[in-house]
$ cat target-v5.cif   # mmCIF, C-alpha atoms and all ligand atoms
data_query
#
loop_
_atom_site.label_atom_id
_atom_site.label_comp_id
_atom_site.auth_asym_id
_atom_site.auth_seq_id
_atom_site.Cartn_x
_atom_site.Cartn_y
_atom_site.Cartn_z
CA MET A 71 -4.60 58.80 -22.25
CA THR A 72 -3.56 59.94 -25.72
CA ALA A 73 -2.77 56.68 -27.50
CA ARG A 74 -4.26 56.13 -30.95
CA HIS A 75 -6.69 53.18 -30.93
CA PHE A 76 -8.32 51.09 -33.65
CA LEU A 77 -11.64 50.02 -32.16
CA SER A 78 -13.67 50.66 -35.30
CA LEU A 79 -13.16 51.81 -38.90
CA MET A 80 -14.42 55.20 -37.74
CA ASP A 81 -11.18 55.68 -35.74
CA CYS A 82 -9.38 56.37 -39.03
CA SER A 83 -10.03 58.97 -41.68
CA GLN A 84 -10.96 57.83 -45.18
CA ALA A 85 -7.49 58.82 -46.41
CA GLU A 86 -5.81 56.83 -43.61
CA LEU A 87 -7.85 53.76 -44.49
CA ILE A 88 -6.98 54.04 -48.18
CA ASN A 89 -3.30 54.33 -47.20
CA LEU A 90 -3.55 51.30 -44.90
CA ILE A 91 -4.92 49.21 -47.77
CA LYS A 92 -2.16 50.44 -50.07
CA ARG A 93 0.45 49.68 -47.45
CA GLY A 94 -0.95 46.18 -46.87
CA ILE A 95 -0.51 45.49 -50.59
CA GLU A 96 3.08 46.80 -50.44
CA LEU A 97 3.95 44.76 -47.34
CA LYS A 98 2.52 41.65 -49.04
CA ALA A 99 4.79 42.22 -52.04
CA LEU A 100 7.84 42.73 -49.80
CA HIS A 101 7.00 39.56 -47.89
CA ARG A 102 6.62 37.59 -51.15
CA GLN A 103 10.01 38.90 -52.31
CA GLY A 104 11.58 37.66 -49.06
CA VAL A 105 12.60 41.17 -48.00
CA ILE A 106 13.35 41.42 -44.27
CA TYR A 107 11.65 44.52 -42.82
CA GLU A 108 11.86 44.82 -39.03
CA PRO A 109 10.77 48.27 -37.87
CA LEU A 110 9.25 46.82 -34.66
CA LYS A 111 12.39 45.27 -33.17
CA ASN A 112 11.87 44.73 -29.42
CA ARG A 113 8.26 45.90 -29.63
CA VAL A 114 5.60 43.72 -28.02
CA LEU A 115 1.91 43.22 -28.79
CA GLY A 116 -0.24 41.79 -25.98
CA MET A 117 -3.18 39.76 -27.32
CA ILE A 118 -6.19 39.09 -25.09
CA PHE A 119 -8.54 36.44 -26.47
CA GLU A 120 -11.83 35.88 -24.64
CA LYS A 121 -13.19 34.03 -27.69
CA ALA A 122 -11.63 31.41 -29.96
CA SER A 123 -9.56 32.39 -33.00
CA THR A 124 -7.40 30.90 -35.72
CA ARG A 125 -6.82 33.69 -38.26
CA THR A 126 -6.70 36.67 -35.90
CA ARG A 127 -4.28 35.04 -33.50
CA VAL A 128 -1.92 33.61 -36.09
CA SER A 129 -1.93 36.69 -38.32
CA PHE A 130 -1.11 39.09 -35.47
CA GLU A 131 1.50 36.74 -34.01
CA ALA A 132 3.19 35.98 -37.35
CA GLY A 133 2.92 39.64 -38.38
CA MET A 134 4.63 40.89 -35.21
CA ILE A 135 7.45 38.35 -35.62
CA GLN A 136 7.91 39.31 -39.28
CA LEU A 137 8.12 43.00 -38.31
CA GLY A 138 10.88 42.16 -35.81
CA GLY A 139 8.72 42.20 -32.67
CA GLN A 140 6.85 39.67 -30.58
CA ALA A 141 3.27 38.92 -29.57
CA ILE A 142 2.09 37.52 -26.25
CA PHE A 143 -1.09 35.42 -26.15
CA LEU A 144 -3.20 36.05 -23.04
CA SER A 145 -6.30 34.02 -22.24
CA PRO A 146 -8.71 34.89 -19.42
CA ARG A 147 -8.36 31.29 -18.24
CA ASP A 148 -4.74 31.84 -17.28
CA THR A 149 -4.74 35.52 -16.30
CA GLN A 150 -6.36 37.53 -13.53
CA LEU A 151 -8.77 38.98 -16.10
CA GLY A 152 -10.69 35.71 -15.87
CA ARG A 153 -10.79 35.98 -12.07
CA GLY A 154 -12.42 39.39 -12.00
CA GLU A 155 -9.53 41.86 -11.95
CA PRO A 156 -11.13 45.10 -13.19
CA ILE A 157 -10.61 45.94 -16.86
CA GLU A 158 -9.37 49.40 -15.85
CA ASP A 159 -6.61 47.93 -13.64
CA SER A 160 -5.62 45.34 -16.24
CA ALA A 161 -5.37 48.06 -18.89
CA ARG A 162 -3.11 50.24 -16.75
CA VAL A 163 -0.81 47.36 -15.90
CA LEU A 164 -0.60 45.69 -19.30
CA SER A 165 -0.13 48.97 -21.15
CA SER A 166 2.81 49.79 -18.90
CA MET A 167 4.57 46.67 -20.19
CA VAL A 168 3.68 46.22 -23.85
CA ASP A 169 3.58 48.54 -26.88
CA ALA A 170 0.06 47.73 -28.08
CA VAL A 171 -2.81 45.48 -27.04
CA MET A 172 -5.16 43.51 -29.29
CA ILE A 173 -8.41 42.35 -27.71
CA ARG A 174 -11.08 39.87 -28.84
CA THR A 175 -14.00 39.96 -26.47
CA PHE A 176 -17.80 39.98 -26.10
CA ALA A 177 -19.16 43.41 -25.07
CA HIS A 178 -17.82 46.28 -27.18
CA GLY A 179 -18.02 48.48 -24.07
CA ASP A 180 -15.27 46.38 -22.47
CA ILE A 181 -12.76 47.20 -25.19
CA GLU A 182 -13.72 50.89 -24.93
CA THR A 183 -13.13 50.76 -21.17
CA PHE A 184 -9.79 49.07 -21.72
CA ALA A 185 -8.78 51.64 -24.34
CA SER A 186 -9.68 54.61 -22.17
CA ASN A 187 -7.38 53.24 -19.45
CA SER A 188 -4.55 52.17 -21.76
CA SER A 189 -1.45 54.26 -22.42
CA VAL A 190 -0.75 52.30 -25.63
CA PRO A 191 -2.82 51.64 -28.79
CA VAL A 192 -5.66 49.13 -28.46
CA ILE A 193 -6.79 47.13 -31.50
CA ASN A 194 -10.22 45.53 -31.82
CA GLY A 195 -9.73 41.88 -32.78
CA LEU A 196 -13.55 41.35 -32.78
CA THR A 197 -16.33 42.23 -30.39
CA ASP A 198 -20.03 41.37 -30.44
CA ASP A 199 -20.49 44.64 -32.37
CA LEU A 200 -17.56 45.03 -34.76
CA HIS A 201 -14.65 43.29 -36.51
CA PRO A 202 -12.68 46.11 -38.18
CA CYS A 203 -9.43 44.16 -38.81
CA GLN A 204 -11.36 41.75 -41.02
CA LEU A 205 -12.63 44.65 -43.12
CA LEU A 206 -9.07 45.90 -43.70
CA ALA A 207 -8.25 42.50 -45.19
CA ASP A 208 -11.51 42.42 -47.16
CA MET A 209 -11.00 45.87 -48.63
CA GLN A 210 -7.41 44.96 -49.54
CA THR A 211 -8.70 41.81 -51.25
CA TYR A 212 -11.29 43.72 -53.28
CA GLN A 213 -8.69 46.32 -54.28
CA GLU A 214 -6.26 43.60 -55.42
CA HIS A 215 -8.85 41.83 -57.57
CA ARG A 216 -11.03 44.63 -58.90
CA GLY A 217 -9.49 48.02 -57.99
CA SER A 218 -11.36 50.69 -56.01
CA ILE A 219 -14.63 49.70 -54.34
CA GLN A 220 -15.85 53.31 -54.40
CA GLY A 221 -19.31 53.57 -55.98
CA LYS A 222 -19.81 49.79 -56.14
CA THR A 223 -22.79 47.84 -54.79
CA VAL A 224 -22.15 45.32 -52.03
CA ALA A 225 -24.61 42.73 -50.70
CA TRP A 226 -24.61 41.30 -47.21
CA ILE A 227 -26.69 38.11 -47.03
CA GLY A 228 -27.61 36.56 -43.67
CA ASP A 229 -27.20 37.67 -40.08
CA GLY A 230 -26.99 41.38 -39.23
CA ASN A 231 -24.05 40.58 -36.95
CA ASN A 232 -20.68 42.12 -36.02
CA MET A 233 -19.34 41.62 -39.56
CA CYS A 234 -22.47 43.17 -41.07
CA ASN A 235 -22.18 46.17 -38.73
CA THR A 236 -18.57 46.59 -39.83
CA PHE A 237 -19.56 46.43 -43.50
CA ILE A 238 -21.98 49.28 -42.78
CA GLN A 239 -19.11 51.37 -41.43
CA ALA A 240 -17.01 50.32 -44.43
CA ALA A 241 -19.78 51.54 -46.76
CA ILE A 242 -19.42 54.98 -45.15
CA GLN A 243 -15.63 55.03 -45.10
CA PHE A 244 -14.93 53.42 -48.49
CA ASP A 245 -17.95 55.05 -50.19
CA PHE A 246 -20.03 52.16 -51.52
CA GLN A 247 -23.71 51.15 -51.40
CA LEU A 248 -24.63 48.24 -49.13
CA ARG A 249 -27.73 46.05 -49.36
CA VAL A 250 -28.40 43.87 -46.33
CA ALA A 251 -30.71 40.86 -46.78
CA CYS A 252 -31.70 39.33 -43.43
CA PRO A 253 -34.74 37.80 -41.70
CA VAL A 254 -37.02 40.00 -39.54
CA GLY A 255 -35.47 40.33 -36.09
CA TYR A 256 -31.88 39.79 -37.30
CA GLU A 257 -31.17 43.26 -38.65
CA PRO A 258 -27.85 45.01 -38.02
CA ASP A 259 -27.62 47.38 -35.07
CA GLN A 260 -29.86 50.43 -35.63
CA ARG A 261 -27.05 52.73 -34.41
CA PHE A 262 -24.93 51.74 -37.41
CA LEU A 263 -27.87 51.95 -39.84
CA ASP A 264 -28.56 55.47 -38.59
CA GLN A 265 -24.88 56.38 -39.04
CA ALA A 266 -25.01 55.20 -42.67
CA GLY A 267 -28.31 56.79 -43.76
CA ASP A 268 -29.25 55.97 -47.36
CA ARG A 269 -25.95 54.22 -48.08
CA VAL A 270 -27.48 51.06 -46.61
CA THR A 271 -30.81 49.42 -47.44
CA VAL A 272 -32.34 46.42 -45.66
CA THR A 273 -34.42 43.85 -47.54
CA ARG A 274 -35.83 40.39 -46.76
CA ASP A 275 -35.04 39.03 -50.22
CA PRO A 276 -31.47 37.72 -50.73
CA ASN A 277 -31.89 37.55 -54.53
CA GLU A 278 -32.96 41.18 -54.64
CA ALA A 279 -29.84 42.14 -52.67
CA ALA A 280 -27.60 40.04 -54.91
CA THR A 281 -28.94 41.29 -58.25
CA GLY A 282 -26.30 43.42 -59.96
CA ALA A 283 -24.00 43.42 -56.89
CA HIS A 284 -20.22 43.68 -57.30
CA LEU A 285 -19.43 41.91 -54.04
CA ILE A 286 -21.48 39.38 -52.06
CA ASN A 287 -20.65 38.54 -48.44
CA THR A 288 -21.95 36.22 -45.82
CA ASP A 289 -20.93 34.88 -42.40
CA VAL A 290 -21.98 32.15 -39.98
CA TRP A 291 -25.61 32.14 -38.83
CA ALA A 292 -24.67 31.72 -35.16
CA SER A 293 -21.72 33.79 -33.99
CA MET A 294 -19.49 33.07 -31.03
CA GLY A 295 -21.58 33.50 -27.89
CA GLN A 296 -24.83 32.52 -29.69
CA GLU A 297 -24.31 28.76 -29.56
CA ASP A 298 -27.59 28.24 -27.62
CA GLU A 299 -29.55 29.81 -30.49
CA THR A 300 -28.01 27.62 -33.20
CA GLU A 301 -31.01 25.38 -33.86
CA ALA A 302 -33.53 28.21 -34.11
CA ARG A 303 -31.18 30.22 -36.30
CA MET A 304 -30.61 27.33 -38.74
CA LYS A 305 -34.34 27.25 -39.49
CA ARG A 306 -34.74 31.02 -39.69
CA PHE A 307 -31.75 31.56 -41.99
CA ALA A 308 -32.27 28.60 -44.36
CA PRO A 309 -33.55 30.83 -47.23
CA TYR A 310 -30.40 32.94 -46.94
CA GLN A 311 -27.83 30.36 -48.06
CA VAL A 312 -25.44 31.89 -50.61
CA THR A 313 -25.16 29.73 -53.73
CA PRO A 314 -23.48 29.93 -57.16
CA ALA A 315 -26.98 30.55 -58.63
CA MET A 316 -27.35 33.61 -56.39
CA LEU A 317 -24.02 34.93 -57.69
CA ASP A 318 -25.28 34.43 -61.24
CA LEU A 319 -27.78 37.25 -60.55
CA ALA A 320 -24.95 39.62 -59.66
CA ASP A 321 -22.71 41.76 -61.84
CA GLU A 322 -20.38 39.66 -64.01
CA SER A 323 -17.38 40.99 -62.03
CA VAL A 324 -18.87 39.81 -58.71
CA LEU A 325 -16.63 38.44 -55.95
CA PHE A 326 -17.74 36.26 -53.05
CA MET A 327 -16.32 36.87 -49.57
CA HIS A 328 -16.63 35.11 -46.21
CA CYS A 329 -14.50 36.04 -43.21
CA LEU A 330 -14.27 32.35 -42.20
CA PRO A 331 -14.66 30.00 -40.44
CA ALA A 332 -17.36 28.82 -42.91
CA HIS A 333 -20.07 26.24 -42.33
CA ARG A 334 -20.50 24.55 -45.70
CA GLY A 335 -24.11 23.57 -46.32
CA GLU A 336 -25.36 26.32 -44.00
CA GLU A 337 -24.65 29.95 -44.94
CA VAL A 338 -22.67 28.92 -48.06
CA THR A 339 -22.65 25.88 -50.32
CA ALA A 340 -19.48 23.78 -50.46
CA GLU A 341 -19.13 24.40 -54.21
CA LEU A 342 -19.20 28.19 -53.83
CA MET A 343 -16.21 28.19 -51.48
CA ASP A 344 -13.98 27.10 -54.36
CA ASP A 345 -15.89 28.82 -57.18
CA PRO A 346 -13.64 31.05 -59.34
CA ARG A 347 -15.60 34.06 -58.01
CA SER A 348 -14.71 33.19 -54.40
CA VAL A 349 -11.78 35.06 -52.81
CA VAL A 350 -12.12 33.66 -49.30
CA TRP A 351 -8.55 32.30 -49.14
CA ASP A 352 -7.08 35.63 -50.25
CA GLN A 353 -9.13 37.38 -47.57
CA ALA A 354 -7.72 35.05 -44.93
CA GLU A 355 -4.12 35.56 -46.08
CA ASN A 356 -4.61 39.31 -46.24
CA ARG A 357 -5.35 39.41 -42.51
CA LEU A 358 -1.58 39.05 -42.12
CA HIS A 359 -0.59 41.83 -44.51
CA ALA A 360 -3.37 44.28 -43.61
CA GLN A 361 -2.67 43.98 -39.88
CA LYS A 362 1.06 44.43 -40.42
CA ALA A 363 0.14 47.71 -42.10
CA LEU A 364 -2.08 48.54 -39.12
CA VAL A 365 0.52 47.88 -36.40
CA GLU A 366 3.13 49.75 -38.43
CA PHE A 367 0.71 52.71 -38.68
CA LEU A 368 0.00 52.63 -34.93
CA LEU A 369 3.55 51.98 -33.69
CA VAL A 370 6.11 53.36 -36.13
CA GLU A 371 6.54 57.11 -35.85
N1 LIG A 401 -12.16 35.72 -39.50
C1 LIG A 401 -11.65 35.60 -38.28
O1 LIG A 401 -11.54 36.56 -37.51
O2 LIG A 401 -11.20 34.34 -37.98
P1 LIG A 401 -10.76 33.80 -36.56
O3 LIG A 401 -12.00 33.70 -35.70
O4 LIG A 401 -10.17 32.45 -36.85
O5 LIG A 401 -9.76 34.73 -35.95
N1 LIG A 402 -19.62 36.66 -36.74
C1 LIG A 402 -18.58 35.72 -36.39
C2 LIG A 402 -17.27 36.14 -36.98
C3 LIG A 402 -16.13 35.22 -36.70
C4 LIG A 402 -14.83 35.70 -37.26
C5 LIG A 402 -18.49 35.62 -34.87
O1 LIG A 402 -18.53 36.65 -34.20
O2 LIG A 402 -18.38 34.49 -34.37
#
$ encode --input "target-v5.cif" --output "C-alpha cells" --more "lines below"
Ligand code: CP
Ligand code: NVA
Amino acid sequence: MTARHFLSLMDCSQAELINLIKRGIELKALHRQGVIYEPLKNRVLGMIFEKASTRTRVSFEAGMIQLGGQAIFLSPRDTQLGRGEPIEDSARVLSSMVDAVMIRTFAHGDIETFASNSSVPVINGLTDDLHPCQLLADMQTYQEHRGSIQGKTVAWIGDGNNMCNTFIQAAIQFDFQLRVACPVGYEPDQRFLDQAGDRVTVTRDPNEAATGAHLINTDVWASMGQEDETEARMKRFAPYQVTPAMLDLADESVLFMHCLPAHRGEEVTAELMDDPRSVVWDQAENRLHAQKALVEFLLVE
C-alpha cells in the first residue's frame, strides 16, 4: 500500500509541516473572506470514532463540506468494527470506497494496522499515544499570535499523556525546547523522550517549568479511557493546576493553550481560560483550518 498517511508529526518533513501551517493560515483567510474553494468535489472522508469528540468530528466534517466533499461518521456501535470484524478487513473494504479515513481510537497499533491495509490516506484523529491534528492547530495558533516557535521554550504542565507525547514530537519537528512538569509515574512515553534527546527535560516542579516559558500547555488529568483512575489522579495532580500566577513567572509574551475539553478548577482555573494570554478558542477554531490544509495536502495532487 503506497498511500501517504498522517499518523504522527513524524510522517511529514519539517518543511511540509511549516507549509501546512502556512496553508492553514491562508485557508482561514479565504474562509473569512467568503471565498468558495472546492478542490475536493465528490471526495469522501470516512471518520471512525471509537472515543467521543466534539472538535475533531465537527472540524473534519465542516472542513470536508467547505472543500466541496463529504464526511461520513462511523461509530463502532453501528458498524461491524464493533462486532469484531478484523481491522485489516475493515481497512481494505472502507479504503475501496472512500478517499481518506480519519480514525480516533485507543491503541496506536490499531491505527497502524489499519493504515498498512488501507489503499487511501489514514489520518490520526487521536490515539492513546498521539494527537497530531491538534498540534497542527496549536502550531498555527502560535504562529498567528507570535510568529515562529523555533528556538522558543514551551512548558507542558500535568499528565504525560497523548498530547504531551505529541508536543515532544513537535519540539523535534518545529525546533523548540520543551519542559515537562509531571508527577512521578505520569511521565510521557520513554520512546518519545528518547527520540527527542536533550530537547525535552522532565521536572517535578511546575513553576520551574513555567519560568521564562513562551508557551504553557496543559490538558485534562484523566484522558478518555482512564475514567476509573479519575479520583486517584485528581489527588496526584492537584499541585499541577495552571493558574494566572504561574503564567506570571513566564516570559511576558507567554501564551496559554489547552486542547479542550477543559475541566475548570482541575487542570486550569476558570479565570485563566479567559485571561488575555489564553488562546484556547483560537486553537479550537484552527482545528478546522489546519485540517483543511492537511486533507488538501493528502488528497489534492
Ligand atoms: N481537542 C479535541 O480533540 O477535542 P475533541 O475531543 O472534542 O475532538
Ligand atoms: N488527553 C485527552 C485529549 C482530548 C482531546 C484525551 O485523550 O482524552
$ axis_aligned_box --input "target-v5.cif" --around "region 114-117 of chain A" --padding-each-side "5 Å" --output "lines of an AutoDock Vina configuration file"
center_x = 1.2
center_y = 41.7
center_z = -27.4
size_x = 18.8
size_y = 14.0
size_z = 12.8
$ residues_near_ligand --input "target-v5.cif" --ligand "ligand LIG 402 (chain A)" --cutoff "10 Å" --atoms "all atoms listed in the file" --output "ChimeraX atom specification"
/A:121-126,174-176,195-201,204,229-234,288-297,328-332
$ write_last_selection --input "target-v5.cif" --atoms "C-alpha atoms" --output "tab-separated table (two decimals), keeping the file's coordinate frame"
chain	number	residue	atom	x	y	z
A	121	LYS	CA	-13.19	34.03	-27.69
A	122	ALA	CA	-11.63	31.41	-29.96
A	123	SER	CA	-9.56	32.39	-33.00
A	124	THR	CA	-7.40	30.90	-35.72
A	125	ARG	CA	-6.82	33.69	-38.26
A	126	THR	CA	-6.70	36.67	-35.90
A	174	ARG	CA	-11.08	39.87	-28.84
A	175	THR	CA	-14.00	39.96	-26.47
A	176	PHE	CA	-17.80	39.98	-26.10
A	195	GLY	CA	-9.73	41.88	-32.78
A	196	LEU	CA	-13.55	41.35	-32.78
A	197	THR	CA	-16.33	42.23	-30.39
A	198	ASP	CA	-20.03	41.37	-30.44
A	199	ASP	CA	-20.49	44.64	-32.37
A	200	LEU	CA	-17.56	45.03	-34.76
A	201	HIS	CA	-14.65	43.29	-36.51
A	204	GLN	CA	-11.36	41.75	-41.02
A	229	ASP	CA	-27.20	37.67	-40.08
A	230	GLY	CA	-26.99	41.38	-39.23
A	231	ASN	CA	-24.05	40.58	-36.95
A	232	ASN	CA	-20.68	42.12	-36.02
A	233	MET	CA	-19.34	41.62	-39.56
A	234	CYS	CA	-22.47	43.17	-41.07
A	288	THR	CA	-21.95	36.22	-45.82
A	289	ASP	CA	-20.93	34.88	-42.40
A	290	VAL	CA	-21.98	32.15	-39.98
A	291	TRP	CA	-25.61	32.14	-38.83
A	292	ALA	CA	-24.67	31.72	-35.16
A	293	SER	CA	-21.72	33.79	-33.99
A	294	MET	CA	-19.49	33.07	-31.03
A	295	GLY	CA	-21.58	33.50	-27.89
A	296	GLN	CA	-24.83	32.52	-29.69
A	297	GLU	CA	-24.31	28.76	-29.56
A	328	HIS	CA	-16.63	35.11	-46.21
A	329	CYS	CA	-14.50	36.04	-43.21
A	330	LEU	CA	-14.27	32.35	-42.20
A	331	PRO	CA	-14.66	30.00	-40.44
A	332	ALA	CA	-17.36	28.82	-42.91
$ closest_residue --input "target-v5.cif" --among "A:Lys92, A:His101, A:Arg303, A:Arg127" --to "ligand LIG 401 (chain A)" --atoms "only C-alpha atoms and all ligand atoms"
A:Arg127
$ residues_around --input "target-v5.cif" --residues "region 261-278 of chain A" --least-positions-apart "5" --cutoff "6 Å" --atoms "only C-alpha atoms" --output "VMD selection string"
chain A and resid 247 to 253
$ residues_around --input "target-v5.cif" --residues "Glu336 (chain A)" --least-positions-apart "2" --cutoff "10 Å" --atoms "all atoms listed in the file" --output "count of residues only"
16
$ atom_distance --input "target-v5.cif" --atom1 "CA of Ile173 (chain A)" --atom2 "atom N1 of ligand LIG 401 (chain A)"
14.0 Å
$ residues_around --input "target-v5.cif" --residues "Arg216 (chain A)" --least-positions-apart "2" --cutoff "12 Å" --atoms "only C-alpha atoms" --output "PDB file with C-alpha atoms, keeping the file's coordinate frame"
ATOM      1  CA  ASP A 208     -11.510  42.420 -47.160  1.00  0.00           C
ATOM      2  CA  MET A 209     -11.000  45.870 -48.630  1.00  0.00           C
ATOM      3  CA  GLN A 210      -7.410  44.960 -49.540  1.00  0.00           C
ATOM      4  CA  THR A 211      -8.700  41.810 -51.250  1.00  0.00           C
ATOM      5  CA  TYR A 212     -11.290  43.720 -53.280  1.00  0.00           C
ATOM      6  CA  GLN A 213      -8.690  46.320 -54.280  1.00  0.00           C
ATOM      7  CA  GLU A 214      -6.260  43.600 -55.420  1.00  0.00           C
ATOM      8  CA  SER A 218     -11.360  50.690 -56.010  1.00  0.00           C
ATOM      9  CA  ILE A 219     -14.630  49.700 -54.340  1.00  0.00           C
ATOM     10  CA  GLN A 220     -15.850  53.310 -54.400  1.00  0.00           C
ATOM     11  CA  LYS A 222     -19.810  49.790 -56.140  1.00  0.00           C
ATOM     12  CA  HIS A 284     -20.220  43.680 -57.300  1.00  0.00           C
ATOM     13  CA  LEU A 285     -19.430  41.910 -54.040  1.00  0.00           C
ATOM     14  CA  GLU A 322     -20.380  39.660 -64.010  1.00  0.00           C
ATOM     15  CA  SER A 323     -17.380  40.990 -62.030  1.00  0.00           C
ATOM     16  CA  VAL A 324     -18.870  39.810 -58.710  1.00  0.00           C
ATOM     17  CA  LEU A 325     -16.630  38.440 -55.950  1.00  0.00           C
ATOM     18  CA  ARG A 347     -15.600  34.060 -58.010  1.00  0.00           C
ATOM     19  CA  VAL A 349     -11.780  35.060 -52.810  1.00  0.00           C
TER      20      VAL A 349
END
$ atom_distance --input "target-v5.cif" --atom1 "CA of Thr149 (chain A)" --atom2 "CA of Pro109 (chain A)"
29.5 Å
$ closest_residue --input "target-v5.cif" --among "A:Ala132, A:Leu151, A:Val350, A:Ile193" --to "ligand LIG 401 (chain A)" --atoms "all atoms listed in the file"
A:Val350
$ residues_around --input "target-v5.cif" --residues "Asp81 (chain A)" --least-positions-apart "5" --cutoff "12 Å" --atoms "all atoms listed in the file" --output "count of residues only"
15
$ atom_distance --input "target-v5.cif" --atom1 "CA of Ala141 (chain A)" --atom2 "CA of Phe237 (chain A)"
27.8 Å
$ decode --input "target-v5.cif" --residues "region 348-365 of chain A" --atoms "N, CA and C atoms" --output "short mmCIF file (atom, residue, chain, number, x, y, z; two decimals), in the first residue's frame"
data_model
loop_
_atom_site.label_atom_id
_atom_site.label_comp_id
_atom_site.auth_asym_id
_atom_site.auth_seq_id
_atom_site.Cartn_x
_atom_site.Cartn_y
_atom_site.Cartn_z
N SER A 348 -4.63 33.67 27.18
CA SER A 348 -5.18 32.38 26.76
C SER A 348 -5.63 32.43 25.30
N VAL A 349 -5.24 31.41 24.52
CA VAL A 349 -5.64 31.36 23.11
C VAL A 349 -6.42 30.07 22.82
N VAL A 350 -7.10 29.57 23.84
CA VAL A 350 -7.75 28.26 23.69
C VAL A 350 -8.86 28.26 22.64
N TRP A 351 -9.54 29.40 22.47
CA TRP A 351 -10.65 29.42 21.50
C TRP A 351 -10.10 29.49 20.08
N ASP A 352 -8.97 30.17 19.91
CA ASP A 352 -8.32 30.20 18.59
C ASP A 352 -7.81 28.81 18.22
N GLN A 353 -7.24 28.12 19.21
CA GLN A 353 -6.78 26.75 18.95
C GLN A 353 -7.93 25.89 18.43
N ALA A 354 -9.06 26.00 19.11
CA ALA A 354 -10.21 25.16 18.72
C ALA A 354 -10.65 25.50 17.31
N GLU A 355 -10.78 26.79 17.00
CA GLU A 355 -11.20 27.17 15.64
C GLU A 355 -10.18 26.68 14.61
N ASN A 356 -8.91 26.77 14.96
CA ASN A 356 -7.88 26.41 13.99
C ASN A 356 -7.85 24.92 13.65
N ARG A 357 -8.52 24.09 14.45
CA ARG A 357 -8.65 22.69 14.05
C ARG A 357 -9.25 22.62 12.64
N LEU A 358 -10.25 23.46 12.40
CA LEU A 358 -10.92 23.48 11.09
C LEU A 358 -9.93 23.83 9.98
N HIS A 359 -9.23 24.94 10.14
CA HIS A 359 -8.38 25.44 9.06
C HIS A 359 -7.14 24.55 8.86
N ALA A 360 -6.55 24.12 9.97
CA ALA A 360 -5.33 23.30 9.87
C ALA A 360 -5.66 21.96 9.20
N GLN A 361 -6.80 21.38 9.55
CA GLN A 361 -7.14 20.07 8.96
C GLN A 361 -7.60 20.19 7.51
N LYS A 362 -8.15 21.35 7.14
CA LYS A 362 -8.43 21.56 5.72
C LYS A 362 -7.12 21.56 4.94
N ALA A 363 -6.10 22.20 5.52
CA ALA A 363 -4.78 22.19 4.88
C ALA A 363 -4.25 20.76 4.78
N LEU A 364 -4.49 19.98 5.84
CA LEU A 364 -4.00 18.60 5.85
C LEU A 364 -4.70 17.74 4.80
N VAL A 365 -6.02 17.79 4.72
CA VAL A 365 -6.70 16.94 3.72
C VAL A 365 -6.38 17.41 2.30
#
